[in-house]
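Asker: Dropping in structure_31.pdb, with PDB, C-alpha atoms and all ligand atoms.
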ATOM      1  CA  MET A1267     -11.694 145.581 217.433
ATOM      2  CA  THR A1268      -9.081 145.841 220.187
ATOM      3  CA  GLU A1269      -7.068 148.407 218.255
ATOM      4  CA  LYS A1270      -6.341 151.538 220.229
ATOM      5  CA  ILE A1271      -7.809 154.678 218.710
ATOM      6  CA  SER A1272      -5.433 157.595 219.231
ATOM      7  CA  ASN A1273      -7.414 160.269 217.398
ATOM      8  CA  ASN A1274      -9.358 162.597 219.572
ATOM      9  CA  LEU A1275     -12.819 161.303 218.856
ATOM     10  CA  ASN A1276     -14.203 164.503 220.328
ATOM     11  CA  ASP A1277     -12.997 166.052 217.072
ATOM     12  CA  LEU A1278     -15.437 163.891 215.157
ATOM     13  CA  ASP A1279     -18.779 165.501 214.433
ATOM     14  CA  TYR A1280     -21.291 162.657 214.418
ATOM     15  CA  GLU A1281     -23.884 164.968 212.896
ATOM     16  CA  ARG A1282     -21.770 165.531 209.783
ATOM     17  CA  LEU A1283     -20.486 162.121 208.882
ATOM     18  CA  PRO A1284     -20.001 161.339 205.196
ATOM     19  CA  THR A1285     -22.998 159.366 203.979
ATOM     20  CA  HIS A1286     -20.993 157.430 201.414
ATOM     21  CA  ILE A1287     -17.297 156.554 201.757
ATOM     22  CA  GLY A1288     -15.287 154.935 198.959
ATOM     23  CA  ILE A1289     -11.955 153.236 199.629
ATOM     24  CA  ILE A1290      -9.344 152.260 197.050
ATOM     25  CA  MET A1291      -7.699 149.402 198.917
ATOM     26  CA  ASP A1292      -4.196 149.780 197.492
ATOM     27  CA  GLY A1293      -0.686 148.838 198.567
ATOM     28  CA  ASN A1294      -1.014 145.119 199.320
ATOM     29  CA  GLY A1295       1.793 144.136 196.947
ATOM     30  CA  ARG A1296       4.222 146.697 198.353
ATOM     31  CA  TRP A1297       3.314 145.649 201.897
ATOM     32  CA  ALA A1298       4.347 142.078 201.061
ATOM     33  CA  LYS A1299       7.456 143.147 199.135
ATOM     34  CA  LYS A1300       8.695 145.174 202.105
ATOM     35  CA  ARG A1301       8.625 141.946 204.095
ATOM     36  CA  GLY A1302      10.213 139.800 201.388
ATOM     37  CA  LEU A1303       6.929 137.902 200.951
ATOM     38  CA  PRO A1304       5.034 136.979 197.774
ATOM     39  CA  ARG A1305       2.342 139.492 196.812
ATOM     40  CA  HIS A1306      -0.572 137.270 197.782
ATOM     41  CA  PHE A1307       0.443 137.549 201.445
ATOM     42  CA  GLY A1308      -0.253 141.258 201.106
ATOM     43  CA  HIS A1309      -3.686 140.544 199.658
ATOM     44  CA  GLN A1310      -4.390 138.121 202.489
ATOM     45  CA  GLU A1311      -3.410 140.736 205.061
ATOM     46  CA  GLY A1312      -5.438 143.344 203.191
ATOM     47  CA  MET A1313      -8.500 141.139 203.425
ATOM     48  CA  LYS A1314      -8.274 141.137 207.219
ATOM     49  CA  LYS A1315      -8.461 144.926 207.092
ATOM     50  CA  VAL A1316     -11.662 144.762 205.069
ATOM     51  CA  VAL A1317     -13.444 142.998 207.929
ATOM     52  CA  HIS A1318     -12.194 145.527 210.453
ATOM     53  CA  ILE A1319     -12.916 148.669 208.433
ATOM     54  CA  VAL A1320     -16.426 147.467 207.544
ATOM     55  CA  GLU A1321     -17.091 147.051 211.260
ATOM     56  CA  VAL A1322     -15.725 150.494 212.107
ATOM     57  CA  CYS A1323     -17.928 152.073 209.418
ATOM     58  CA  LYS A1324     -20.958 150.107 210.573
ATOM     59  CA  GLU A1325     -20.436 151.225 214.173
ATOM     60  CA  LEU A1326     -20.028 154.843 213.082
ATOM     61  CA  GLY A1327     -23.286 154.670 211.164
ATOM     62  CA  ILE A1328     -21.892 155.175 207.650
ATOM     63  CA  GLY A1329     -24.765 154.448 205.263
ATOM     64  CA  ASN A1330     -22.825 153.408 202.172
ATOM     65  CA  LEU A1331     -19.314 152.019 201.953
ATOM     66  CA  THR A1332     -17.710 151.157 198.615
ATOM     67  CA  LEU A1333     -14.558 149.056 198.574
ATOM     68  CA  TYR A1334     -12.518 148.798 195.385
ATOM     69  CA  ALA A1335     -11.485 145.152 195.279
ATOM     70  CA  PHE A1336     -10.624 144.423 191.632
ATOM     71  CA  SER A1337     -10.544 146.758 188.652
ATOM     72  CA  THR A1338     -11.261 146.034 185.004
ATOM     73  CA  GLU A1339      -7.522 146.642 184.492
ATOM     74  CA  ASN A1340      -6.382 144.206 187.192
ATOM     75  CA  TRP A1341      -6.821 141.289 184.720
ATOM     76  CA  LYS A1342      -3.462 142.450 183.324
ATOM     77  CA  ARG A1343      -1.749 140.918 186.356
ATOM     78  CA  PRO A1344      -0.132 137.468 186.259
ATOM     79  CA  SER A1345      -2.808 134.771 186.324
ATOM     80  CA  LEU A1346      -1.449 133.381 189.591
ATOM     81  CA  GLU A1347      -2.122 136.718 191.287
ATOM     82  CA  VAL A1348      -5.579 137.039 189.716
ATOM     83  CA  ASP A1349      -6.388 133.503 190.922
ATOM     84  CA  ALA A1350      -5.177 134.364 194.420
ATOM     85  CA  LEU A1351      -7.391 137.465 194.486
ATOM     86  CA  MET A1352     -10.450 135.523 193.286
ATOM     87  CA  ASN A1353      -9.754 132.834 195.856
ATOM     88  CA  LEU A1354      -9.490 135.398 198.642
ATOM     89  CA  LEU A1355     -12.832 136.826 197.611
ATOM     90  CA  VAL A1356     -14.378 133.369 197.985
ATOM     91  CA  VAL A1357     -12.693 132.902 201.371
ATOM     92  CA  PHE A1358     -13.943 136.319 202.485
ATOM     93  CA  ILE A1359     -17.546 135.579 201.551
ATOM     94  CA  ARG A1360     -17.554 132.087 203.051
ATOM     95  CA  LYS A1361     -16.048 133.351 206.285
ATOM     96  CA  GLU A1362     -17.834 136.682 206.729
ATOM     97  CA  LEU A1363     -21.192 136.458 204.965
ATOM     98  CA  ASP A1364     -23.235 135.200 207.927
ATOM     99  CA  ARG A1365     -21.848 137.863 210.213
ATOM    100  CA  LEU A1366     -22.451 140.622 207.661
ATOM    101  CA  ASN A1367     -25.971 139.338 207.123
ATOM    102  CA  ASN A1368     -26.660 139.201 210.872
ATOM    103  CA  ASN A1369     -25.412 142.790 211.074
ATOM    104  CA  ASN A1370     -28.062 143.799 208.523
ATOM    105  CA  VAL A1371     -25.414 144.713 205.895
ATOM    106  CA  LYS A1372     -26.624 144.710 202.293
ATOM    107  CA  ILE A1373     -23.954 143.613 199.818
ATOM    108  CA  ILE A1374     -24.055 145.012 196.301
ATOM    109  CA  ILE A1375     -21.496 144.223 193.618
ATOM    110  CA  LEU A1376     -20.415 147.075 191.351
ATOM    111  CA  GLY A1377     -18.966 145.650 188.161
ATOM    112  CA  ASP A1378     -19.484 142.986 185.536
ATOM    113  CA  THR A1379     -19.666 139.725 187.465
ATOM    114  CA  SER A1380     -20.451 137.713 184.312
ATOM    115  CA  GLN A1381     -16.724 137.660 183.543
ATOM    116  CA  LEU A1382     -15.737 136.121 186.882
ATOM    117  CA  PRO A1383     -14.795 132.458 187.191
ATOM    118  CA  ASP A1384     -17.711 130.204 188.262
ATOM    119  CA  ILE A1385     -16.934 129.819 191.970
ATOM    120  CA  PRO A1386     -16.423 133.518 192.818
ATOM    121  CA  ARG A1387     -19.390 134.413 190.604
ATOM    122  CA  ASN A1388     -21.646 131.983 192.457
ATOM    123  CA  GLU A1389     -20.404 133.163 195.833
ATOM    124  CA  VAL A1390     -21.017 136.855 195.091
ATOM    125  CA  GLU A1391     -24.464 135.954 193.805
ATOM    126  CA  ARG A1392     -25.171 134.082 197.036
ATOM    127  CA  ALA A1393     -23.953 137.069 199.067
ATOM    128  CA  THR A1394     -26.077 139.600 197.188
ATOM    129  CA  ASN A1395     -29.169 137.370 197.248
ATOM    130  CA  LEU A1396     -28.891 136.564 200.944
ATOM    131  CA  THR A1397     -28.481 140.204 201.967
ATOM    132  CA  SER A1398     -30.788 141.801 199.394
ATOM    133  CA  ASN A1399     -33.505 142.675 201.928
ATOM    134  CA  ASN A1400     -31.135 144.030 204.577
ATOM    135  CA  SER A1401     -31.650 147.654 205.478
ATOM    136  CA  GLY A1402     -28.505 148.533 207.444
ATOM    137  CA  MET A1403     -25.304 149.709 205.824
ATOM    138  CA  ILE A1404     -24.866 149.155 202.088
ATOM    139  CA  LEU A1405     -21.516 147.521 201.348
ATOM    140  CA  ASN A1406     -20.648 147.940 197.693
ATOM    141  CA  ILE A1407     -17.818 145.725 196.521
ATOM    142  CA  ALA A1408     -16.332 147.073 193.284
ATOM    143  CA  LEU A1409     -15.316 143.889 191.525
ATOM    144  CA  ASN A1410     -14.247 143.759 187.908
ATOM    145  CA  TYR A1411     -15.253 147.400 188.155
ATOM    146  CA  GLY A1412     -14.110 150.260 185.957
ATOM    147  CA  GLY A1413     -15.675 153.699 185.933
ATOM    148  CA  ARG A1414     -15.311 153.953 182.163
ATOM    149  CA  GLN A1415     -16.760 150.482 181.583
ATOM    150  CA  GLU A1416     -19.676 151.518 183.802
ATOM    151  CA  ILE A1417     -20.307 154.625 181.688
ATOM    152  CA  VAL A1418     -20.106 152.581 178.470
ATOM    153  CA  MET A1419     -22.655 150.146 179.925
ATOM    154  CA  ALA A1420     -24.933 153.017 180.926
ATOM    155  CA  VAL A1421     -24.760 154.585 177.444
ATOM    156  CA  LYS A1422     -25.683 151.261 175.828
ATOM    157  CA  ASP A1423     -28.550 150.642 178.250
ATOM    158  CA  ILE A1424     -29.900 154.167 177.807
ATOM    159  CA  PHE A1425     -29.697 153.781 174.030
ATOM    160  CA  THR A1426     -31.581 150.486 174.253
ATOM    161  CA  ASP A1427     -34.303 152.095 176.398
ATOM    162  CA  VAL A1428     -34.589 155.032 174.003
ATOM    163  CA  ASN A1429     -35.045 152.571 171.134
ATOM    164  CA  LYS A1430     -37.727 150.740 173.108
ATOM    165  CA  GLY A1431     -39.482 154.037 173.825
ATOM    166  CA  ILE A1432     -38.988 153.669 177.604
ATOM    167  CA  ILE A1433     -37.331 157.089 177.779
ATOM    168  CA  THR A1434     -36.847 159.927 175.316
ATOM    169  CA  ILE A1435     -33.576 161.680 174.469
ATOM    170  CA  GLU A1436     -34.968 164.892 175.979
ATOM    171  CA  GLU A1437     -35.474 163.158 179.311
ATOM    172  CA  ILE A1438     -31.810 162.161 179.634
ATOM    173  CA  ASP A1439     -30.103 164.236 182.294
ATOM    174  CA  ASP A1440     -27.610 163.790 185.121
ATOM    175  CA  LYS A1441     -30.194 162.091 187.354
ATOM    176  CA  VAL A1442     -31.215 159.652 184.626
ATOM    177  CA  ILE A1443     -27.591 158.700 183.969
ATOM    178  CA  LEU A1444     -27.062 158.020 187.684
ATOM    179  CA  GLU A1445     -29.939 155.536 187.523
ATOM    180  CA  TYR A1446     -28.120 153.533 184.848
ATOM    181  CA  LEU A1447     -24.944 153.116 186.909
ATOM    182  CA  TYR A1448     -24.174 150.204 189.246
ATOM    183  CA  THR A1449     -24.735 152.612 192.176
ATOM    184  CA  LYS A1450     -28.311 153.449 191.145
ATOM    185  CA  GLY A1451     -30.357 154.784 194.013
ATOM    186  CA  GLN A1452     -27.289 155.511 196.139
ATOM    187  CA  PRO A1453     -25.800 158.895 197.017
ATOM    188  CA  ASP A1454     -22.516 159.905 195.376
ATOM    189  CA  PRO A1455     -19.418 159.246 197.489
ATOM    190  CA  ASP A1456     -18.750 162.184 199.804
ATOM    191  CA  LEU A1457     -15.274 160.981 200.656
ATOM    192  CA  ILE A1458     -12.860 158.802 198.691
ATOM    193  CA  ILE A1459      -9.889 157.420 200.576
ATOM    194  CA  ARG A1460      -6.781 156.075 198.866
ATOM    195  CA  PRO A1461      -3.937 154.691 200.921
ATOM    196  CA  SER A1462      -0.546 153.580 199.488
ATOM    197  CA  GLY A1463       0.738 156.968 198.361
ATOM    198  CA  GLU A1464      -0.701 156.913 194.839
ATOM    199  CA  LEU A1465      -2.474 160.159 193.974
ATOM    200  CA  ARG A1466      -5.032 158.972 191.428
ATOM    201  CA  LEU A1467      -8.460 157.393 191.231
ATOM    202  CA  SER A1468      -7.530 154.508 188.885
ATOM    203  CA  ASN A1469     -10.960 154.301 187.229
ATOM    204  CA  PHE A1470     -12.883 154.309 190.534
ATOM    205  CA  LEU A1471     -16.408 155.794 190.567
ATOM    206  CA  THR A1472     -15.519 158.047 187.629
ATOM    207  CA  TYR A1473     -18.986 159.550 187.151
ATOM    208  CA  GLN A1474     -19.995 159.570 190.811
ATOM    209  CA  SER A1475     -16.797 161.209 192.125
ATOM    210  CA  ALA A1476     -17.373 164.565 190.389
ATOM    211  CA  TYR A1477     -17.625 166.375 193.745
ATOM    212  CA  SER A1478     -16.130 163.828 196.113
ATOM    213  CA  GLU A1479     -13.581 164.944 198.653
ATOM    214  CA  LEU A1480     -10.337 163.007 198.148
ATOM    215  CA  TRP A1481      -8.100 161.867 200.983
ATOM    216  CA  PHE A1482      -4.718 160.271 200.395
ATOM    217  CA  SER A1483      -2.320 158.580 202.769
ATOM    218  CA  ASP A1484       1.071 156.877 202.440
ATOM    219  CA  VAL A1485      -0.076 154.027 204.676
ATOM    220  CA  LEU A1486      -0.331 150.727 202.788
ATOM    221  CA  TRP A1487      -3.788 149.120 202.902
ATOM    222  CA  PRO A1488      -2.770 146.167 205.128
ATOM    223  CA  ASP A1489      -1.506 148.729 207.674
ATOM    224  CA  PHE A1490      -4.637 150.903 207.442
ATOM    225  CA  THR A1491      -6.393 151.230 210.802
ATOM    226  CA  GLY A1492      -9.654 152.511 212.202
ATOM    227  CA  ASP A1493      -7.586 155.464 213.393
ATOM    228  CA  ASP A1494      -6.642 156.289 209.775
ATOM    229  CA  LEU A1495     -10.315 156.189 208.872
ATOM    230  CA  TYR A1496     -11.123 158.604 211.700
ATOM    231  CA  SER A1497      -8.318 160.916 210.497
ATOM    232  CA  ALA A1498      -9.814 160.911 207.011
ATOM    233  CA  ILE A1499     -13.278 161.737 208.321
ATOM    234  CA  ILE A1500     -11.997 164.475 210.636
ATOM    235  CA  ASP A1501     -10.102 166.062 207.713
ATOM    236  CA  TYR A1502     -13.192 165.719 205.532
ATOM    237  CA  GLN A1503     -15.251 167.568 208.111
ATOM    238  CA  LYS A1504     -12.834 170.525 207.963
ATOM    239  CA  ARG A1505     -13.322 170.916 204.219
ATOM    240  CA  ASN A1506     -15.589 173.517 202.678
ATOM    241  CA  ARG A1507     -17.659 171.763 200.026
ATOM    242  CA  ARG A1508     -18.813 174.496 197.710
ATOM    243  CA  PHE A1509     -20.157 172.503 194.749
ATOM    244  CA  GLY A1510     -19.403 175.506 192.549
ATOM    245  CA  GLY A1511     -21.081 178.008 194.849
ATOM    246  CA  ILE A1512     -19.342 180.599 196.992
TER     247      ILE A1512
HETATM  248  C1  LIG B   1      -4.390 146.517 195.880
HETATM  249  O1  LIG B   1      -3.042 146.292 196.123
HETATM  250  C2  LIG B   1      -5.161 145.267 195.572
HETATM  251  C3  LIG B   1      -5.604 145.179 194.184
HETATM  252  C4  LIG B   1      -5.353 146.039 193.246
HETATM  253  C5  LIG B   1      -6.395 144.035 193.835
HETATM  254  P1  LIG B   1      -1.978 146.156 194.957
HETATM  255  O2  LIG B   1      -1.869 144.721 194.591
HETATM  256  O3  LIG B   1      -2.267 147.066 193.843
HETATM  257  O4  LIG B   1      -0.671 146.605 195.723
HETATM  258  P2  LIG B   1       0.526 147.465 195.147
HETATM  259  O5  LIG B   1      -0.069 148.722 194.610
HETATM  260  O6  LIG B   1       1.179 146.642 194.081
HETATM  261  O7  LIG B   1       1.398 147.687 196.319
HETATM  262  C1  LIG B   2      -6.636 150.205 192.050
HETATM  263  O1  LIG B   2      -5.350 149.841 192.391
HETATM  264  C2  LIG B   2      -7.544 149.016 192.069
HETATM  265  C3  LIG B   2      -7.807 148.425 193.372
HETATM  266  C4  LIG B   2      -7.352 148.852 194.519
HETATM  267  C5  LIG B   2      -8.674 147.289 193.378
HETATM  268  P1  LIG B   2      -4.247 149.522 191.300
HETATM  269  O2  LIG B   2      -3.019 149.149 192.034
HETATM  270  O3  LIG B   2      -4.753 148.545 190.319
HETATM  271  O4  LIG B   2      -4.081 150.917 190.563
HETATM  272  P2  LIG B   2      -2.859 151.530 189.738
HETATM  273  O5  LIG B   2      -2.464 150.493 188.734
HETATM  274  O6  LIG B   2      -1.762 151.797 190.710
HETATM  275  O7  LIG B   2      -3.399 152.778 189.155
HETATM  276 MG    MG B   3      -1.721 148.972 193.454
END
Show how you would write the structure in this file as structure tokens.
Ligand code: IPE
Ligand code: IPE
Ligand code: MG
Answerer:
Amino acid sequence: MTEKISNNLNDLDYERLPTHIGIIMDGNGRWAKKRGLPRHFGHQEGMKKVVHIVEVCKELGIGNLTLYAFSTENWKRPSLEVDALMNLLVVFIRKELDRLNNNNVKIIILGDTSQLPDIPRNEVERATNLTSNNSGMILNIALNYGGRQEIVMAVKDIFTDVNKGIITIEEIDDKVILEYLYTKGQPDPDLIIRPSGELRLSNFLTYQSAYSELWFSDVLWPDFTGDDLYSAIIDYQKRNRRFGGI
């Protein structure tokens, strides 16, 4: 946390911080390629940024942070890269879990963890169990996550509960659907940040992002700094969120 913050922090309104920030951590591969390195070096460097950005958000008092770590489509990558990503997840948890726990961070996994290899699956289970009673910031890690897969899951679960008589079709509304998503009980993301220059959501929080403010940057994730995060929040605070009103 020695990084120099160049933004004018007086521009930041601490009374109007986004409650929930989502970050699509993209650009690791291009970061490595620019340096003539194999892609996994980019992922390794990206992981270091996770630790830093979580701390910056925690210090700011952000209530919910969602980090997109691995999509349902990322299985299409070469198995060596998938293995490297899974391994980095394990390294991250083994190295950072105690500190996150001591900082009262609650870790929640968004996504289908049943499809993960044994070791990462056990480690994420350990992380969620250990931190389940923490009441500080919620850190959602979107892992084997896809917004469409999440909606399919919700539809199936709702259908099952209708069949069991737990809810009726008439009762199904927007609020009920939210309760069947991985983010149940959490506010929708106010701000979604995507570095790396890509202008799309890539299946991230598809249902929840209906009224999210989007912020894009050309910076590659391993180069993303606390200062970039402040820039995103300051821009967010200048926006007029109308939610369909006037
Ligand atoms: C994001 O970086 C990490 C994951 C998707 C897991 P990428 O690996 O997508 O990096 P680029 O987009 O190829 O640069
Ligand atoms: C989105 O990045 C997924 C994560 C950052 C984990 P991708 O690199 O997979 O997205 P596309 O393929 O550019 O849309
Ligand atoms: Mg990418």
Asker: Quick check on the file I pasted: which residues fall under the PyMOL selection byres (((not hetatm)) within 12 of (chain B and resi 2))? Write them as a PyMOL selection string.
Answerer: chain A and resi 1288-1296+1309+1312-1313+1332-1343+1348+1351-1352+1376-1377+1407-1413+1459-1471+1486-1488
Asker: Restricted to C-alpha atoms, what would the selected residues look like written as a JSON list (two decimals), keeping the file's coordinate frame?
Answerer:
[["chain", "number", "residue", "atom", "x", "y", "z"],
["A", 1288, "GLY", "CA", -15.29, 154.94, 198.96],
["A", 1289, "ILE", "CA", -11.96, 153.24, 199.63],
["A", 1290, "ILE", "CA", -9.34, 152.26, 197.05],
["A", 1291, "MET", "CA", -7.70, 149.40, 198.92],
["A", 1292, "ASP", "CA", -4.20, 149.78, 197.49],
["A", 1293, "GLY", "CA", -0.69, 148.84, 198.57],
["A", 1294, "ASN", "CA", -1.01, 145.12, 199.32],
["A", 1295, "GLY", "CA", 1.79, 144.14, 196.95],
["A", 1296, "ARG", "CA", 4.22, 146.70, 198.35],
["A", 1309, "HIS", "CA", -3.69, 140.54, 199.66],
["A", 1312, "GLY", "CA", -5.44, 143.34, 203.19],
["A", 1313, "MET", "CA", -8.50, 141.14, 203.42],
["A", 1332, "THR", "CA", -17.71, 151.16, 198.62],
["A", 1333, "LEU", "CA", -14.56, 149.06, 198.57],
["A", 1334, "TYR", "CA", -12.52, 148.80, 195.38],
["A", 1335, "ALA", "CA", -11.48, 145.15, 195.28],
["A", 1336, "PHE", "CA", -10.62, 144.42, 191.63],
["A", 1337, "SER", "CA", -10.54, 146.76, 188.65],
["A", 1338, "THR", "CA", -11.26, 146.03, 185.00],
["A", 1339, "GLU", "CA", -7.52, 146.64, 184.49],
["A", 1340, "ASN", "CA", -6.38, 144.21, 187.19],
["A", 1341, "TRP", "CA", -6.82, 141.29, 184.72],
["A", 1342, "LYS", "CA", -3.46, 142.45, 183.32],
["A", 1343, "ARG", "CA", -1.75, 140.92, 186.36],
["A", 1348, "VAL", "CA", -5.58, 137.04, 189.72],
["A", 1351, "LEU", "CA", -7.39, 137.46, 194.49],
["A", 1352, "MET", "CA", -10.45, 135.52, 193.29],
["A", 1376, "LEU", "CA", -20.42, 147.07, 191.35],
["A", 1377, "GLY", "CA", -18.97, 145.65, 188.16],
["A", 1407, "ILE", "CA", -17.82, 145.72, 196.52],
["A", 1408, "ALA", "CA", -16.33, 147.07, 193.28],
["A", 1409, "LEU", "CA", -15.32, 143.89, 191.52],
["A", 1410, "ASN", "CA", -14.25, 143.76, 187.91],
["A", 1411, "TYR", "CA", -15.25, 147.40, 188.16],
["A", 1412, "GLY", "CA", -14.11, 150.26, 185.96],
["A", 1413, "GLY", "CA", -15.68, 153.70, 185.93],
["A", 1459, "ILE", "CA", -9.89, 157.42, 200.58],
["A", 1460, "ARG", "CA", -6.78, 156.07, 198.87],
["A", 1461, "PRO", "CA", -3.94, 154.69, 200.92],
["A", 1462, "SER", "CA", -0.55, 153.58, 199.49],
["A", 1463, "GLY", "CA", 0.74, 156.97, 198.36],
["A", 1464, "GLU", "CA", -0.70, 156.91, 194.84],
["A", 1465, "LEU", "CA", -2.47, 160.16, 193.97],
["A", 1466, "ARG", "CA", -5.03, 158.97, 191.43],
["A", 1467, "LEU", "CA", -8.46, 157.39, 191.23],
["A", 1468, "SER", "CA", -7.53, 154.51, 188.88],
["A", 1469, "ASN", "CA", -10.96, 154.30, 187.23],
["A", 1470, "PHE", "CA", -12.88, 154.31, 190.53],
["A", 1471, "LEU", "CA", -16.41, 155.79, 190.57],
["A", 1486, "LEU", "CA", -0.33, 150.73, 202.79],
["A", 1487, "TRP", "CA", -3.79, 149.12, 202.90],
["A", 1488, "PRO", "CA", -2.77, 146.17, 205.13]]
Asker: As a check of understanding, name the residues that the PyMOL selection byres (((chain A and resi 1450-1452) around 10) and not hetatm) selects in the supplied structure, as a list of chain:residue names.
Answerer: A:Thr1285, A:His1286, A:Gly1329, A:Asn1330, A:Ile1404, A:Lys1441, A:Val1442, A:Ile1443, A:Leu1444, A:Glu1445, A:Tyr1446, A:Leu1447, A:Tyr1448, A:Thr1449, A:Pro1453, A:Asp1454, A:Pro1455, A:Gln1474
Asker: On this structure, the PyMOL selection byres (((chain A and resi 1386-1392) around 9) and not hetatm) would catch which residues? List them as an mmCIF file with C-alpha atoms, in the coordinates of the input, sorted by chain and number.
Answerer:
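The result, written out as expr01.cif:
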data_model
loop_
_atom_site.group_PDB
_atom_site.id
_atom_site.type_symbol
_atom_site.label_atom_id
_atom_site.label_comp_id
_atom_site.auth_asym_id
_atom_site.auth_seq_id
_atom_site.Cartn_x
_atom_site.Cartn_y
_atom_site.Cartn_z
ATOM 1 C CA MET A 1352 -10.450 135.523 193.286
ATOM 2 C CA ASN A 1353 -9.754 132.834 195.856
ATOM 3 C CA LEU A 1355 -12.832 136.826 197.611
ATOM 4 C CA VAL A 1356 -14.378 133.369 197.985
ATOM 5 C CA ILE A 1359 -17.546 135.579 201.551
ATOM 6 C CA ARG A 1360 -17.554 132.087 203.051
ATOM 7 C CA ILE A 1373 -23.954 143.613 199.818
ATOM 8 C CA ILE A 1374 -24.055 145.012 196.301
ATOM 9 C CA ILE A 1375 -21.496 144.223 193.618
ATOM 10 C CA THR A 1379 -19.666 139.725 187.465
ATOM 11 C CA SER A 1380 -20.451 137.713 184.312
ATOM 12 C CA GLN A 1381 -16.724 137.660 183.543
ATOM 13 C CA LEU A 1382 -15.737 136.121 186.882
ATOM 14 C CA PRO A 1383 -14.795 132.458 187.191
ATOM 15 C CA ASP A 1384 -17.711 130.204 188.262
ATOM 16 C CA ILE A 1385 -16.934 129.819 191.970
ATOM 17 C CA ALA A 1393 -23.953 137.069 199.067
ATOM 18 C CA THR A 1394 -26.077 139.600 197.188
ATOM 19 C CA ASN A 1395 -29.169 137.370 197.248
ATOM 20 C CA LEU A 1396 -28.891 136.564 200.944
ATOM 21 C CA THR A 1397 -28.481 140.204 201.967
#
Asker: Can you measure CA of Thr1472 in chain A to CA of Leu1405 in chain A for me? One decimal in Å is fine.
Answerer: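 CA of Thr1472 in chain A sits 18.3 Å away from CA of Leu1405 in chain A.
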Asker: Quick one, how far is CA of Ser1475 in chain A from CA of Leu1326 in chain A?
Answerer: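 Straight-line distance from CA of Ser1475 in chain A to CA of Leu1326 in chain A works out to 22.1 Å.
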